[in-house]
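Enquirer: Pasting a structure here, questions to come.
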Amino acid sequence: MLNPTWCPGCGNFGIWQALKNVTANLSLKPEEVVAVFDIGCNSNMTNWSPVTVFESLHGRTLPVAAGLKIAQPTLTVLAVAGDGGCYGEGGNHLLHAAKRNLDLTLFVHDNQIYALTAGQTSPTSGHGFKTKSTPQGAIDLSFNPLAVALSAGASFVARGFAGDLPHLTSLMAAAINHKGFAMVDILQPCVTFNPLNTFDWFRQRVYDLDKEGYKPDNKLAALEKAMEWPKNGEDNKIPLGIFYKEEREVPSYLGIDNSKNKSNLEEITSEFL
Amino acid sequence: MANSLTWRIGGEAGFGIMAAGAIFSKALTRAKFYIASAVDYPSLIRGGHNTFVIRASNEPIYSLVKPVDLLVALNQETITLHKDELSSGAGVIYDSGDKSIDTGVLPKDNFKFYPVPLLEIATKDGGHKLMMNNVALGVSWAVLNLPLEILTQVIADVFAKKGEEIVAENTRAAKAGYDYVKTNFPEEFSHKMEKGNAPPQLVVTGNEAMGLGALKAGLGFAALYPMTPINGLLHFLASHEFISAEKNKRQFVYYQPEDEIAGINSAIGASYGGLRSLVATSGGGFSLMVEALGMAAMTEIPLVVVMGTRPGPSSGLPTWTGQGDLKFMLSASQGDFTRVVLAPGDPEEAFEMIQTAFNLSDKYQTPVIVLVDKLLCENTGTMDRLLSSKFQLPIERGKLYTGNGEYKRYEVTEDGISPRALPGQTYFITNSYEHNEAGLSTEEAKDIESMVEKRARKYELLTQEVAAPQIYGDKEADITLVGWGSTKGVAREVVENMKLPGKKLNYLHLNWINPFPKEALVKIFSQVKKIVDIEANSTAQMAGWIREQTGIEIKDRILKYDGRPFYPEEIIEALKKYA
C-alpha cells in the first residue's frame, strides 16, 4: 500500500473513507470484492484500496467489470470511474451496462473536471465553465448522467456527495446490495482545478430525497427529479439519494461447464460431415 | 495437374447461392472427392452478383484453378461475367424458362448446354421458387453422373432441423432436377470424374475450424462484435454456446458486446476471472481494440485475438481478401512488448493453431493474435475428420498461484513468468500502469527496469516454442516460393500439382510470424537457389519482416492486391520469367 497522493482536501478522501466503511459494514473481505478502476484521480486509489484492484483503461471499467462478473459471479464487482472516463470516453459502455443489467455497481467520482490532466472541461462541467480548454467558458450544456442512466434502463440510480459520509456510505452499501446494475454518481469537489463546485457550494444546494418523503419506485418521477439539476443557466437545489430502484431480471451466465464434453464435440463435428 | 472438375453456380444475392454451394461441397466430399472452394459476394444482402465455386478431384488439391467445367447460371449476369472462364467442352446449366437468359454469346459447338426448366420444376406442386437452387444441384449431380442418394442425404441432413416437410420438399426438388437430366440428356458429359478415393473429411470454413479448435481448447468466454469476415466464427460460437440437449448448461459464454472496445475489454475481464477468452474482428474493429491489446500485455492477462483481414485502408473492400495488415499486427499498441502472431494457412492449421494460441497466451500471460484473412475465414475446405475429433493439444494454463504464502502478482522470477492468481483467491493488484512486483504503480527507475526486463525474459523464453517452417514440393528446388497464411493453398497447388517447364519448385510456408523462425530461415535461405516472395498486399510486408528478422532481402516478388485470391495459373505465369 502507498499513501494517498490526492491533494489535501480532495473529495476523493471522502469516497475512499465511505468505501472502507462499506466493506467493514458489509463484512466484505478484500479478496471478495474487486474494484475495476478507470484512469483518473479517482483510480489512484488502486494503490491504497481496501479491496482487490484491477486498474484498467480510461473509459473501460464497465466492460472489464462485466467480463469479470460473468467469469466470477460470486465476487462483488465494482466499477469505479470519473466523469470523464464514464460519461465521456466510455459513454457507450454506460448505456449498455444500464440496458444489460448485469449485477455490477458503478461509482462515479464526479468532480466536473479533468483533474489528473490539470484542469480541462469535462462532460459534467457547467455551461459557461472556464477552464484551460474552455478559456471563454464551456459552450456545451452539461451532461445529465442520472437522466441518461434512467433512460437507458438502469435498475438502481443514485447520487451521493463526498461531503456527507454517513449518507454516502449508506448509498454505496445499498448499491452493492442491489441485484442488477447500480449507478451512484458521487459529487466530488476538486479543490485544485474546480474553484466553482466546492464543498461549500454543494452544501448550500444539496438536499436528501429520502427526507422529503420521495419514493424511488417510479421511473417518470425519478426522471423529473434527475432533471432538477443540472439545469443550465439556473442555480437549482441538488437532490441526493436513491432516485430509482427496481427489481429487474439479471442476465445469468451461470452454468459454464467447459470441462471436455466429448459427446457434444462429436455431435458438433458431425455437422460438418 | 490433378484430374479435377470445377463447378460454379452464380445468381443474384439472396437466392441461396451460398447454401447451395455448401450442400454441393458436402456432397462432393461424401462422394470421396477432395475439394477446394470459394465464395464471392458483394457487401449487400440482396441484389448484386453472388457466386460459389468448387473444384473437386480424386487427388489432393489445395486451391481453385481458373477454368470452369460446369457452370450453373441462375441469371444472365452469370453467363456474362463468367463466359470467358469456361473450359472447352464445359457444361452450361440454365433455366430454359427464363427468357432473359441468352446463351447466344457462347459458341454452340464449344459447350454442352443443359436448358432445364429450373423454376418450373421448383414451383411444381406448390414448391417455393428459392428451391430452384436445389433443382440446379440435382441437375449438376446428374450431369456428373454421381449417385443421387449422396446428394439427397446431404440435403436431408442440412435441413433436418427444419422438419420432415422441408426435407421432403428440398430432396424432391433435387431429385426432380436429377431425373430431368437422366431423361432428357442421357449422353455422357465430356468432363468425366474419376472415382473419388479421399478419406472421410469434414467440410469446414476457416471460421468453423477455429471455432472447433477453440472448443477443444476449453474456451470459456467469447465476445465478438459483428464484422466480415469473422461473422462465421461468431455464428458458430453463438450456436454452440449451450450443450444442445441441456439448455441451461453452457460450454462457454458467448457475449455480444456493444462495440469492439467493449468486446476486448470484457474478454480481458473474463480472462482475469479465469476463463479462456477470445475476441475476433477485422482491421477496423482491431483498430478499436488496440489500446486494450496493450493493457493485456501490461497487466499480463491471457487473451486470444482472431484477426481476419480484408483489403484496406479504412472500410476498404469488406467482402474481399488480402494480407495487408501484417505490419499493423506486429506493432499494434504503444510500447515495447512482443506481439505474438500466428498465421495459419488452411482449416487444419487454423484448428491447431488456435489451440496453440490459447496455450501460449496462458503460459506467457500475454495476448496472442491469430492472423487470418477473408480467404481462409470464409472459404470452405476440408479437414481430416480424425484430426478434428481426436487432435487436441494438452491444455496448458501456465504458472498459477497455489494459495500459499505472500502473493505478489508481478513477482520477479528467473523466467519472467509470475504465478497468476485469480480474483477471489487472495487480495492482489492488477495494474495497467507500470508497477512494482506487488502491482503498485511506480515511477522508480529501478522498479521500471526490473519489470521491463521481467517481461522481456518471458518473451525471450517464448521464442523456444517457435515451430520450424514447413517446406512443400521438391526438396531440391530451383525456385523456392515463400509465403504465409492463406497463401499456403495456392502455393501448394503450384509446387505439388503444376509444372514450370525445366524448373523444380517448392514452397516455404511461414505460420509462426512472431516470434519468427529466424535461424531456421537463415539456414534454409543459405541453401536455396532462388527465392520468390508471394503475398496478397502491395508492399511485400512479409518480405520486409523477413529482412528485419534475418537481414535477407527478397527482391523477387509476386504481389496481388485486387481483393481476389491468387490463382495457381497466375503464379506459374509470373514465374515464367525465371524458367
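Each chain in the C-alpha cells gets a letter, A, B and so on, in the order shown; residues start at 1 in every chain, and ligands are counted from 1 in the order they appear.
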Can I get the residues of chain A within 7 Å of chain B, each with the closest pair of atoms and their distance in Å to one decimal, using only C-alpha atoms, sorted chain first then ascending number, as CSV?
Expert:
```
residue,atom,partner,partner_atom,distance
A:Pro30,CA,B:Tyr427,CA,5.8
A:Glu31,CA,B:Tyr427,CA,4.6
A:Glu32,CA,B:Gly424,CA,5.5
A:Asn47,CA,B:Leu440,CA,5.6
A:Thr52,CA,B:Tyr427,CA,5.0
A:Val53,CA,B:Ile429,CA,5.0
A:Phe54,CA,B:Thr430,CA,4.6
A:Glu55,CA,B:Asn431,CA,4.8
A:Ser56,CA,B:Ser432,CA,5.7
A:Arg60,CA,B:Asn265,CA,6.8
A:Pro63,CA,B:Ser266,CA,4.6
A:Val64,CA,B:Gly269,CA,4.2
A:Ala65,CA,B:Gly269,CA,6.1
A:Ala66,CA,B:Ser266,CA,6.0
A:Gly67,CA,B:Ser266,CA,4.1
A:Leu68,CA,B:Gly269,CA,4.5
A:Ile70,CA,B:Ala270,CA,6.7
A:Ala71,CA,B:Ala270,CA,5.1
A:Gln72,CA,B:Gly273,CA,5.9
A:Leu75,CA,B:Gly424,CA,6.8
A:His96,CA,B:Glu258,CA,6.7
A:Tyr253,CA,B:Val253,CA,6.9
A:Gly255,CA,B:Lys249,CA,5.3
A:Ile256,CA,B:Arg250,CA,4.6
A:Asp257,CA,B:Gln251,CA,5.0
A:Asn258,CA,B:Gln251,CA,4.6
A:Ser259,CA,B:Gly218,CA,6.9
A:Asn264,CA,B:Ile243,CA,6.5
A:Glu266,CA,B:Ser389,CA,6.5
A:Phe272,CA,B:Leu202,CA,5.2
A:Leu273,CA,B:Leu202,CA,4.8
```
Enquirer: Take the residues that were just selected and, keeping N, CA and C atoms, output them as a PDB file, in the first residue's frame.
Expert:
```pdb
ATOM      1  N   PRO A  30     -11.146  -8.262   1.632  1.00  0.00           N
ATOM      2  CA  PRO A  30     -10.506  -7.637   0.460  1.00  0.00           C
ATOM      3  C   PRO A  30     -10.528  -8.527  -0.780  1.00  0.00           C
ATOM      4  N   GLU A  31     -10.483  -9.858  -0.590  1.00  0.00           N
ATOM      5  CA  GLU A  31     -10.446 -10.729  -1.772  1.00  0.00           C
ATOM      6  C   GLU A  31     -11.846 -11.044  -2.301  1.00  0.00           C
ATOM      7  N   GLU A  32     -12.875 -10.612  -1.572  1.00  0.00           N
ATOM      8  CA  GLU A  32     -14.238 -10.903  -2.028  1.00  0.00           C
ATOM      9  C   GLU A  32     -14.818  -9.788  -2.910  1.00  0.00           C
ATOM     10  N   ASN A  47      -3.735   2.138  -5.406  1.00  0.00           N
ATOM     11  CA  ASN A  47      -2.557   1.918  -4.568  1.00  0.00           C
ATOM     12  C   ASN A  47      -2.834   1.993  -3.068  1.00  0.00           C
ATOM     13  N   THR A  52      -9.554  -5.822  -3.581  1.00  0.00           N
ATOM     14  CA  THR A  52      -8.742  -6.263  -4.725  1.00  0.00           C
ATOM     15  C   THR A  52      -8.972  -5.306  -5.905  1.00  0.00           C
ATOM     16  N   VAL A  53      -7.909  -5.034  -6.635  1.00  0.00           N
ATOM     17  CA  VAL A  53      -7.975  -3.970  -7.637  1.00  0.00           C
ATOM     18  C   VAL A  53      -7.522  -4.431  -9.012  1.00  0.00           C
ATOM     19  N   PHE A  54      -8.248  -3.969 -10.025  1.00  0.00           N
ATOM     20  CA  PHE A  54      -7.771  -4.047 -11.407  1.00  0.00           C
ATOM     21  C   PHE A  54      -7.801  -2.626 -11.944  1.00  0.00           C
ATOM     22  N   GLU A  55      -6.638  -2.041 -12.118  1.00  0.00           N
ATOM     23  CA  GLU A  55      -6.570  -0.705 -12.708  1.00  0.00           C
ATOM     24  C   GLU A  55      -6.565  -0.888 -14.220  1.00  0.00           C
ATOM     25  N   SER A  56      -7.659  -0.469 -14.879  1.00  0.00           N
ATOM     26  CA  SER A  56      -7.780  -0.753 -16.322  1.00  0.00           C
ATOM     27  C   SER A  56      -7.455   0.472 -17.165  1.00  0.00           C
ATOM     28  N   ARG A  60     -12.889   2.337 -19.633  1.00  0.00           N
ATOM     29  CA  ARG A  60     -13.180   0.913 -19.887  1.00  0.00           C
ATOM     30  C   ARG A  60     -13.478   0.090 -18.645  1.00  0.00           C
ATOM     31  N   PRO A  63     -16.837  -2.495 -19.206  1.00  0.00           N
ATOM     32  CA  PRO A  63     -16.687  -3.780 -19.901  1.00  0.00           C
ATOM     33  C   PRO A  63     -15.752  -4.752 -19.184  1.00  0.00           C
ATOM     34  N   VAL A  64     -14.668  -4.255 -18.586  1.00  0.00           N
ATOM     35  CA  VAL A  64     -13.774  -5.163 -17.856  1.00  0.00           C
ATOM     36  C   VAL A  64     -14.542  -5.792 -16.689  1.00  0.00           C
ATOM     37  N   ALA A  65     -15.289  -4.940 -15.971  1.00  0.00           N
ATOM     38  CA  ALA A  65     -16.067  -5.425 -14.826  1.00  0.00           C
ATOM     39  C   ALA A  65     -17.118  -6.440 -15.281  1.00  0.00           C
ATOM     40  N   ALA A  66     -17.739  -6.198 -16.428  1.00  0.00           N
ATOM     41  CA  ALA A  66     -18.770  -7.119 -16.941  1.00  0.00           C
ATOM     42  C   ALA A  66     -18.174  -8.496 -17.214  1.00  0.00           C
ATOM     43  N   GLY A  67     -17.015  -8.524 -17.886  1.00  0.00           N
ATOM     44  CA  GLY A  67     -16.363  -9.811 -18.175  1.00  0.00           C
ATOM     45  C   GLY A  67     -16.009 -10.542 -16.890  1.00  0.00           C
ATOM     46  N   LEU A  68     -15.491  -9.787 -15.914  1.00  0.00           N
ATOM     47  CA  LEU A  68     -15.116 -10.394 -14.639  1.00  0.00           C
ATOM     48  C   LEU A  68     -16.338 -10.971 -13.924  1.00  0.00           C
ATOM     49  N   ILE A  70     -19.088 -12.024 -15.172  1.00  0.00           N
ATOM     50  CA  ILE A  70     -19.561 -13.228 -15.855  1.00  0.00           C
ATOM     51  C   ILE A  70     -18.674 -14.422 -15.480  1.00  0.00           C
ATOM     52  N   ALA A  71     -17.352 -14.146 -15.399  1.00  0.00           N
ATOM     53  CA  ALA A  71     -16.428 -15.245 -15.078  1.00  0.00           C
ATOM     54  C   ALA A  71     -16.529 -15.657 -13.616  1.00  0.00           C
ATOM     55  N   GLN A  72     -16.763 -14.693 -12.730  1.00  0.00           N
ATOM     56  CA  GLN A  72     -16.748 -14.961 -11.283  1.00  0.00           C
ATOM     57  C   GLN A  72     -18.002 -14.360 -10.653  1.00  0.00           C
ATOM     58  N   LEU A  75     -18.235 -13.025  -6.892  1.00  0.00           N
ATOM     59  CA  LEU A  75     -17.499 -11.854  -6.421  1.00  0.00           C
ATOM     60  C   LEU A  75     -18.389 -10.615  -6.449  1.00  0.00           C
ATOM     61  N   HIS A  96     -24.987   0.678 -22.295  1.00  0.00           N
ATOM     62  CA  HIS A  96     -25.228  -0.760 -22.459  1.00  0.00           C
ATOM     63  C   HIS A  96     -25.172  -1.518 -21.137  1.00  0.00           C
ATOM     64  N   TYR A 253     -25.306 -15.813 -16.418  1.00  0.00           N
ATOM     65  CA  TYR A 253     -24.358 -16.537 -17.267  1.00  0.00           C
ATOM     66  C   TYR A 253     -23.818 -17.735 -16.497  1.00  0.00           C
ATOM     67  N   GLY A 255     -23.557 -21.547 -14.990  1.00  0.00           N
ATOM     68  CA  GLY A 255     -23.672 -22.867 -15.604  1.00  0.00           C
ATOM     69  C   GLY A 255     -22.611 -23.155 -16.633  1.00  0.00           C
ATOM     70  N   ILE A 256     -21.500 -22.408 -16.597  1.00  0.00           N
ATOM     71  CA  ILE A 256     -20.436 -22.705 -17.564  1.00  0.00           C
ATOM     72  C   ILE A 256     -19.764 -24.007 -17.159  1.00  0.00           C
ATOM     73  N   ASP A 257     -19.748 -24.927 -18.080  1.00  0.00           N
ATOM     74  CA  ASP A 257     -19.030 -26.165 -17.822  1.00  0.00           C
ATOM     75  C   ASP A 257     -18.216 -26.467 -19.062  1.00  0.00           C
ATOM     76  N   ASN A 258     -16.976 -26.008 -19.046  1.00  0.00           N
ATOM     77  CA  ASN A 258     -16.167 -26.239 -20.245  1.00  0.00           C
ATOM     78  C   ASN A 258     -15.166 -27.371 -20.033  1.00  0.00           C
ATOM     79  N   SER A 259     -15.488 -28.198 -19.050  1.00  0.00           N
ATOM     80  CA  SER A 259     -14.703 -29.421 -18.947  1.00  0.00           C
ATOM     81  C   SER A 259     -15.042 -30.198 -20.219  1.00  0.00           C
ATOM     82  N   ASN A 264     -20.579 -33.943 -26.960  1.00  0.00           N
ATOM     83  CA  ASN A 264     -21.031 -32.766 -27.672  1.00  0.00           C
ATOM     84  C   ASN A 264     -20.088 -32.379 -28.805  1.00  0.00           C
ATOM     85  N   GLU A 266     -18.278 -34.371 -30.528  1.00  0.00           N
ATOM     86  CA  GLU A 266     -18.539 -35.336 -31.608  1.00  0.00           C
ATOM     87  C   GLU A 266     -19.773 -34.899 -32.397  1.00  0.00           C
ATOM     88  N   PHE A 272     -20.414 -31.190 -39.826  1.00  0.00           N
ATOM     89  CA  PHE A 272     -19.567 -30.782 -40.948  1.00  0.00           C
ATOM     90  C   PHE A 272     -19.183 -31.946 -41.860  1.00  0.00           C
ATOM     91  N   LEU A 273     -19.819 -33.074 -41.621  1.00  0.00           N
ATOM     92  CA  LEU A 273     -19.513 -34.226 -42.478  1.00  0.00           C
ATOM     93  C   LEU A 273     -20.294 -34.156 -43.786  1.00  0.00           C
TER      94      LEU A 273
END
```
Enquirer: List the neighbours of A:Val22 out to 10 Å using only C-alpha atoms; skip same-chain residues closer than 5 positions along the sequence, and give me the result as an NGL selection string.
Expert: :A and (16-17 or 27-28 or 168-174 or 176)
Enquirer: Skipping near chain neighbours, those fewer than 2 positions away, what residues fall within 6 Å of stretch 358-371 of chain B using only C-alpha atoms, listed as a PDB file with all heavy atoms, in the first residue's frame?
Expert:
```pdb
ATOM      1  N   ALA B 297      -1.147  -6.943 -22.419  1.00  0.00           N
ATOM      2  CA  ALA B 297       0.290  -7.190 -22.320  1.00  0.00           C
ATOM      3  C   ALA B 297       0.840  -6.634 -21.002  1.00  0.00           C
ATOM      4  O   ALA B 297       1.609  -7.297 -20.309  1.00  0.00           O
ATOM      5  CB  ALA B 297       1.014  -6.560 -23.506  1.00  0.00           C
ATOM      6  N   GLU B 300      -0.522  -8.419 -17.994  1.00  0.00           N
ATOM      7  CA  GLU B 300      -0.153  -9.835 -18.126  1.00  0.00           C
ATOM      8  C   GLU B 300      -1.376 -10.741 -17.987  1.00  0.00           C
ATOM      9  O   GLU B 300      -1.424 -11.646 -17.155  1.00  0.00           O
ATOM     10  CB  GLU B 300       0.967 -10.210 -17.151  1.00  0.00           C
ATOM     11  CG  GLU B 300       2.202  -9.304 -17.349  1.00  0.00           C
ATOM     12  CD  GLU B 300       3.485  -9.888 -16.786  1.00  0.00           C
ATOM     13  OE1 GLU B 300       3.706 -11.093 -16.961  1.00  0.00           O
ATOM     14  OE2 GLU B 300       4.263  -9.119 -16.184  1.00  0.00           O
ATOM     15  N   ILE B 301      -2.359 -10.445 -18.825  1.00  0.00           N
ATOM     16  CA  ILE B 301      -3.584 -11.242 -18.852  1.00  0.00           C
ATOM     17  C   ILE B 301      -3.680 -11.957 -20.196  1.00  0.00           C
ATOM     18  O   ILE B 301      -3.543 -11.329 -21.243  1.00  0.00           O
ATOM     19  CB  ILE B 301      -4.811 -10.336 -18.609  1.00  0.00           C
ATOM     20  CG1 ILE B 301      -4.785  -9.834 -17.161  1.00  0.00           C
ATOM     21  CG2 ILE B 301      -6.121 -11.088 -18.902  1.00  0.00           C
ATOM     22  CD1 ILE B 301      -5.854  -8.840 -16.832  1.00  0.00           C
ATOM     23  N   PRO B 302      -3.907 -13.274 -20.174  1.00  0.00           N
ATOM     24  CA  PRO B 302      -4.000 -14.018 -21.437  1.00  0.00           C
ATOM     25  C   PRO B 302      -5.215 -13.594 -22.261  1.00  0.00           C
ATOM     26  O   PRO B 302      -6.242 -13.212 -21.698  1.00  0.00           O
ATOM     27  CB  PRO B 302      -4.184 -15.481 -20.979  1.00  0.00           C
ATOM     28  CG  PRO B 302      -3.861 -15.510 -19.525  1.00  0.00           C
ATOM     29  CD  PRO B 302      -4.102 -14.134 -19.005  1.00  0.00           C
ATOM     30  N   LEU B 303      -5.085 -13.676 -23.567  1.00  0.00           N
ATOM     31  CA  LEU B 303      -6.190 -13.320 -24.450  1.00  0.00           C
ATOM     32  C   LEU B 303      -5.853 -13.808 -25.855  1.00  0.00           C
ATOM     33  O   LEU B 303      -4.719 -13.679 -26.291  1.00  0.00           O
ATOM     34  CB  LEU B 303      -6.363 -11.793 -24.482  1.00  0.00           C
ATOM     35  CG  LEU B 303      -7.438 -11.250 -25.425  1.00  0.00           C
ATOM     36  CD1 LEU B 303      -8.825 -11.576 -24.886  1.00  0.00           C
ATOM     37  CD2 LEU B 303      -7.300  -9.741 -25.598  1.00  0.00           C
ATOM     38  N   VAL B 304      -6.842 -14.370 -26.556  1.00  0.00           N
ATOM     39  CA  VAL B 304      -6.624 -14.741 -27.955  1.00  0.00           C
ATOM     40  C   VAL B 304      -7.466 -13.819 -28.840  1.00  0.00           C
ATOM     41  O   VAL B 304      -8.666 -13.658 -28.620  1.00  0.00           O
ATOM     42  CB  VAL B 304      -6.963 -16.222 -28.215  1.00  0.00           C
ATOM     43  CG1 VAL B 304      -6.880 -16.541 -29.699  1.00  0.00           C
ATOM     44  CG2 VAL B 304      -6.000 -17.117 -27.425  1.00  0.00           C
ATOM     45  N   VAL B 305      -6.802 -13.200 -29.804  1.00  0.00           N
ATOM     46  CA  VAL B 305      -7.468 -12.291 -30.732  1.00  0.00           C
ATOM     47  C   VAL B 305      -7.406 -12.882 -32.133  1.00  0.00           C
ATOM     48  O   VAL B 305      -6.317 -13.066 -32.677  1.00  0.00           O
ATOM     49  CB  VAL B 305      -6.762 -10.906 -30.753  1.00  0.00           C
ATOM     50  CG1 VAL B 305      -7.472  -9.959 -31.715  1.00  0.00           C
ATOM     51  CG2 VAL B 305      -6.682 -10.310 -29.357  1.00  0.00           C
ATOM     52  N   VAL B 306      -8.565 -13.202 -32.702  1.00  0.00           N
ATOM     53  CA  VAL B 306      -8.587 -13.643 -34.095  1.00  0.00           C
ATOM     54  C   VAL B 306      -8.773 -12.404 -34.949  1.00  0.00           C
ATOM     55  O   VAL B 306      -9.711 -11.625 -34.744  1.00  0.00           O
ATOM     56  CB  VAL B 306      -9.739 -14.638 -34.364  1.00  0.00           C
ATOM     57  CG1 VAL B 306      -9.885 -14.896 -35.853  1.00  0.00           C
ATOM     58  CG2 VAL B 306      -9.493 -15.940 -33.611  1.00  0.00           C
ATOM     59  N   MET B 307      -7.858 -12.214 -35.873  1.00  0.00           N
ATOM     60  CA  MET B 307      -7.898 -11.019 -36.701  1.00  0.00           C
ATOM     61  C   MET B 307      -8.010 -11.467 -38.160  1.00  0.00           C
ATOM     62  O   MET B 307      -7.080 -12.033 -38.727  1.00  0.00           O
ATOM     63  CB  MET B 307      -6.619 -10.232 -36.389  1.00  0.00           C
ATOM     64  CG  MET B 307      -6.283  -9.142 -37.336  1.00  0.00           C
ATOM     65  SD  MET B 307      -7.528  -7.839 -37.467  1.00  0.00           S
ATOM     66  CE  MET B 307      -6.974  -7.203 -39.044  1.00  0.00           C
ATOM     67  N   VAL B 340       2.625 -11.425 -30.200  1.00  0.00           N
ATOM     68  CA  VAL B 340       2.716 -12.806 -30.663  1.00  0.00           C
ATOM     69  C   VAL B 340       1.688 -12.992 -31.779  1.00  0.00           C
ATOM     70  O   VAL B 340       0.505 -12.712 -31.587  1.00  0.00           O
ATOM     71  CB  VAL B 340       2.465 -13.795 -29.513  1.00  0.00           C
ATOM     72  CG1 VAL B 340       2.596 -15.232 -30.007  1.00  0.00           C
ATOM     73  CG2 VAL B 340       3.430 -13.522 -28.367  1.00  0.00           C
ATOM     74  N   VAL B 341       2.171 -13.399 -32.962  1.00  0.00           N
ATOM     75  CA  VAL B 341       1.281 -13.524 -34.125  1.00  0.00           C
ATOM     76  C   VAL B 341       1.471 -14.890 -34.783  1.00  0.00           C
ATOM     77  O   VAL B 341       2.587 -15.256 -35.158  1.00  0.00           O
ATOM     78  CB  VAL B 341       1.559 -12.403 -35.163  1.00  0.00           C
ATOM     79  CG1 VAL B 341       0.611 -12.543 -36.357  1.00  0.00           C
ATOM     80  CG2 VAL B 341       1.440 -11.023 -34.537  1.00  0.00           C
ATOM     81  N   LEU B 342       0.382 -15.615 -34.898  1.00  0.00           N
ATOM     82  CA  LEU B 342       0.381 -16.889 -35.619  1.00  0.00           C
ATOM     83  C   LEU B 342      -0.515 -16.723 -36.843  1.00  0.00           C
ATOM     84  O   LEU B 342      -1.554 -16.081 -36.755  1.00  0.00           O
ATOM     85  CB  LEU B 342      -0.175 -18.018 -34.739  1.00  0.00           C
ATOM     86  CG  LEU B 342       0.461 -18.214 -33.364  1.00  0.00           C
ATOM     87  CD1 LEU B 342      -0.268 -19.318 -32.596  1.00  0.00           C
ATOM     88  CD2 LEU B 342       1.940 -18.554 -33.477  1.00  0.00           C
ATOM     89  N   ALA B 343      -0.115 -17.319 -37.980  1.00  0.00           N
ATOM     90  CA  ALA B 343      -0.908 -17.138 -39.203  1.00  0.00           C
ATOM     91  C   ALA B 343      -1.154 -18.477 -39.889  1.00  0.00           C
ATOM     92  O   ALA B 343      -0.428 -18.868 -40.801  1.00  0.00           O
ATOM     93  CB  ALA B 343      -0.203 -16.169 -40.154  1.00  0.00           C
ATOM     94  N   GLN B 355      -5.576 -23.528 -30.873  1.00  0.00           N
ATOM     95  CA  GLN B 355      -5.279 -24.220 -29.611  1.00  0.00           C
ATOM     96  C   GLN B 355      -3.894 -23.819 -29.106  1.00  0.00           C
ATOM     97  O   GLN B 355      -3.697 -23.577 -27.915  1.00  0.00           O
ATOM     98  CB  GLN B 355      -5.365 -25.735 -29.808  1.00  0.00           C
ATOM     99  CG  GLN B 355      -6.773 -26.206 -30.182  1.00  0.00           C
ATOM    100  CD  GLN B 355      -6.839 -27.722 -30.388  1.00  0.00           C
ATOM    101  OE1 GLN B 355      -6.516 -28.484 -29.508  1.00  0.00           O
ATOM    102  NE2 GLN B 355      -7.249 -28.134 -31.567  1.00  0.00           N
ATOM    103  N   THR B 356      -2.933 -23.741 -30.041  1.00  0.00           N
ATOM    104  CA  THR B 356      -1.593 -23.266 -29.675  1.00  0.00           C
ATOM    105  C   THR B 356      -1.676 -21.871 -29.080  1.00  0.00           C
ATOM    106  O   THR B 356      -1.025 -21.560 -28.080  1.00  0.00           O
ATOM    107  CB  THR B 356      -0.694 -23.210 -30.936  1.00  0.00           C
ATOM    108  OG1 THR B 356      -0.757 -24.458 -31.596  1.00  0.00           O
ATOM    109  CG2 THR B 356       0.736 -22.871 -30.575  1.00  0.00           C
ATOM    110  N   GLU B 396      -2.591 -26.209 -21.504  1.00  0.00           N
ATOM    111  CA  GLU B 396      -1.570 -25.721 -20.563  1.00  0.00           C
ATOM    112  C   GLU B 396      -1.981 -24.352 -20.061  1.00  0.00           C
ATOM    113  O   GLU B 396      -2.040 -23.405 -20.842  1.00  0.00           O
ATOM    114  CB  GLU B 396      -0.212 -25.634 -21.267  1.00  0.00           C
ATOM    115  CG  GLU B 396       0.294 -26.975 -21.764  1.00  0.00           C
ATOM    116  CD  GLU B 396       1.603 -26.825 -22.519  1.00  0.00           C
ATOM    117  OE1 GLU B 396       2.640 -26.641 -21.876  1.00  0.00           O
ATOM    118  OE2 GLU B 396       1.571 -26.855 -23.763  1.00  0.00           O
ATOM    119  N   ARG B 397      -2.267 -24.247 -18.773  1.00  0.00           N
ATOM    120  CA  ARG B 397      -2.727 -22.969 -18.234  1.00  0.00           C
ATOM    121  C   ARG B 397      -1.595 -22.151 -17.626  1.00  0.00           C
ATOM    122  O   ARG B 397      -1.812 -21.052 -17.127  1.00  0.00           O
ATOM    123  CB  ARG B 397      -3.839 -23.189 -17.204  1.00  0.00           C
ATOM    124  CG  ARG B 397      -5.015 -23.969 -17.743  1.00  0.00           C
ATOM    125  CD  ARG B 397      -6.246 -23.206 -18.137  1.00  0.00           C
ATOM    126  NE  ARG B 397      -6.240 -21.790 -18.207  1.00  0.00           N
ATOM    127  CZ  ARG B 397      -7.306 -21.033 -17.965  1.00  0.00           C
ATOM    128  NH1 ARG B 397      -8.425 -21.577 -17.582  1.00  0.00           N
ATOM    129  NH2 ARG B 397      -7.252 -19.727 -18.104  1.00  0.00           N
ATOM    130  N   GLY B 398      -0.389 -22.671 -17.664  1.00  0.00           N
ATOM    131  CA  GLY B 398       0.746 -21.889 -17.179  1.00  0.00           C
ATOM    132  C   GLY B 398       0.850 -21.906 -15.668  1.00  0.00           C
ATOM    133  O   GLY B 398       0.166 -22.651 -14.979  1.00  0.00           O
TER     134      GLY B 398
END
```
Enquirer: Please, what distance in Å, to one decimal, runs between atom CA of B:Ala156 and atom CA of B:Val92?
Expert: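 Answer for the atom CA of B:Ala156 to atom CA of B:Val92 separation: 26.4 Å.
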Enquirer: Which residues are near A:Leu94? Cut-off 10 Å, only C-alpha atoms, ignore same chain within fewer than 4 positions. Put them as a PyMOL selection string.
Expert: chain A and resi 59-63+86-88+90+98-100+106+145+148-149+152+154+183
Enquirer: Generate the output file for the selected residues, C-alpha atoms, as a compact mmCIF listing (two decimals), in the first residue's frame.
Expert:
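Heads up, here's the output in out.txt:
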```txt
# COMPACT_ATOMS: atom_id res chain seq x y z
CA GLY A 59 -13.32 4.72 -20.01
CA ARG A 60 -13.18 0.91 -19.89
CA THR A 61 -14.05 -0.05 -16.33
CA LEU A 62 -17.56 -1.22 -17.20
CA PRO A 63 -16.69 -3.78 -19.90
CA CYS A 86 -17.57 7.16 -17.59
CA TYR A 87 -19.58 9.89 -19.28
CA GLY A 88 -17.06 10.88 -21.98
CA GLY A 90 -16.73 5.24 -22.03
CA ALA A 98 -27.68 0.02 -17.86
CA LYS A 99 -29.56 -1.79 -20.62
CA ARG A 100 -28.00 -5.18 -19.88
CA LEU A 106 -20.75 1.69 -10.64
CA PRO A 145 -25.77 11.22 -16.05
CA VAL A 148 -29.24 9.13 -19.14
CA ALA A 149 -28.80 6.07 -16.91
CA ALA A 152 -31.03 3.54 -20.72
CA ALA A 154 -30.50 1.27 -15.10
CA MET A 183 -25.01 3.56 -10.50
```
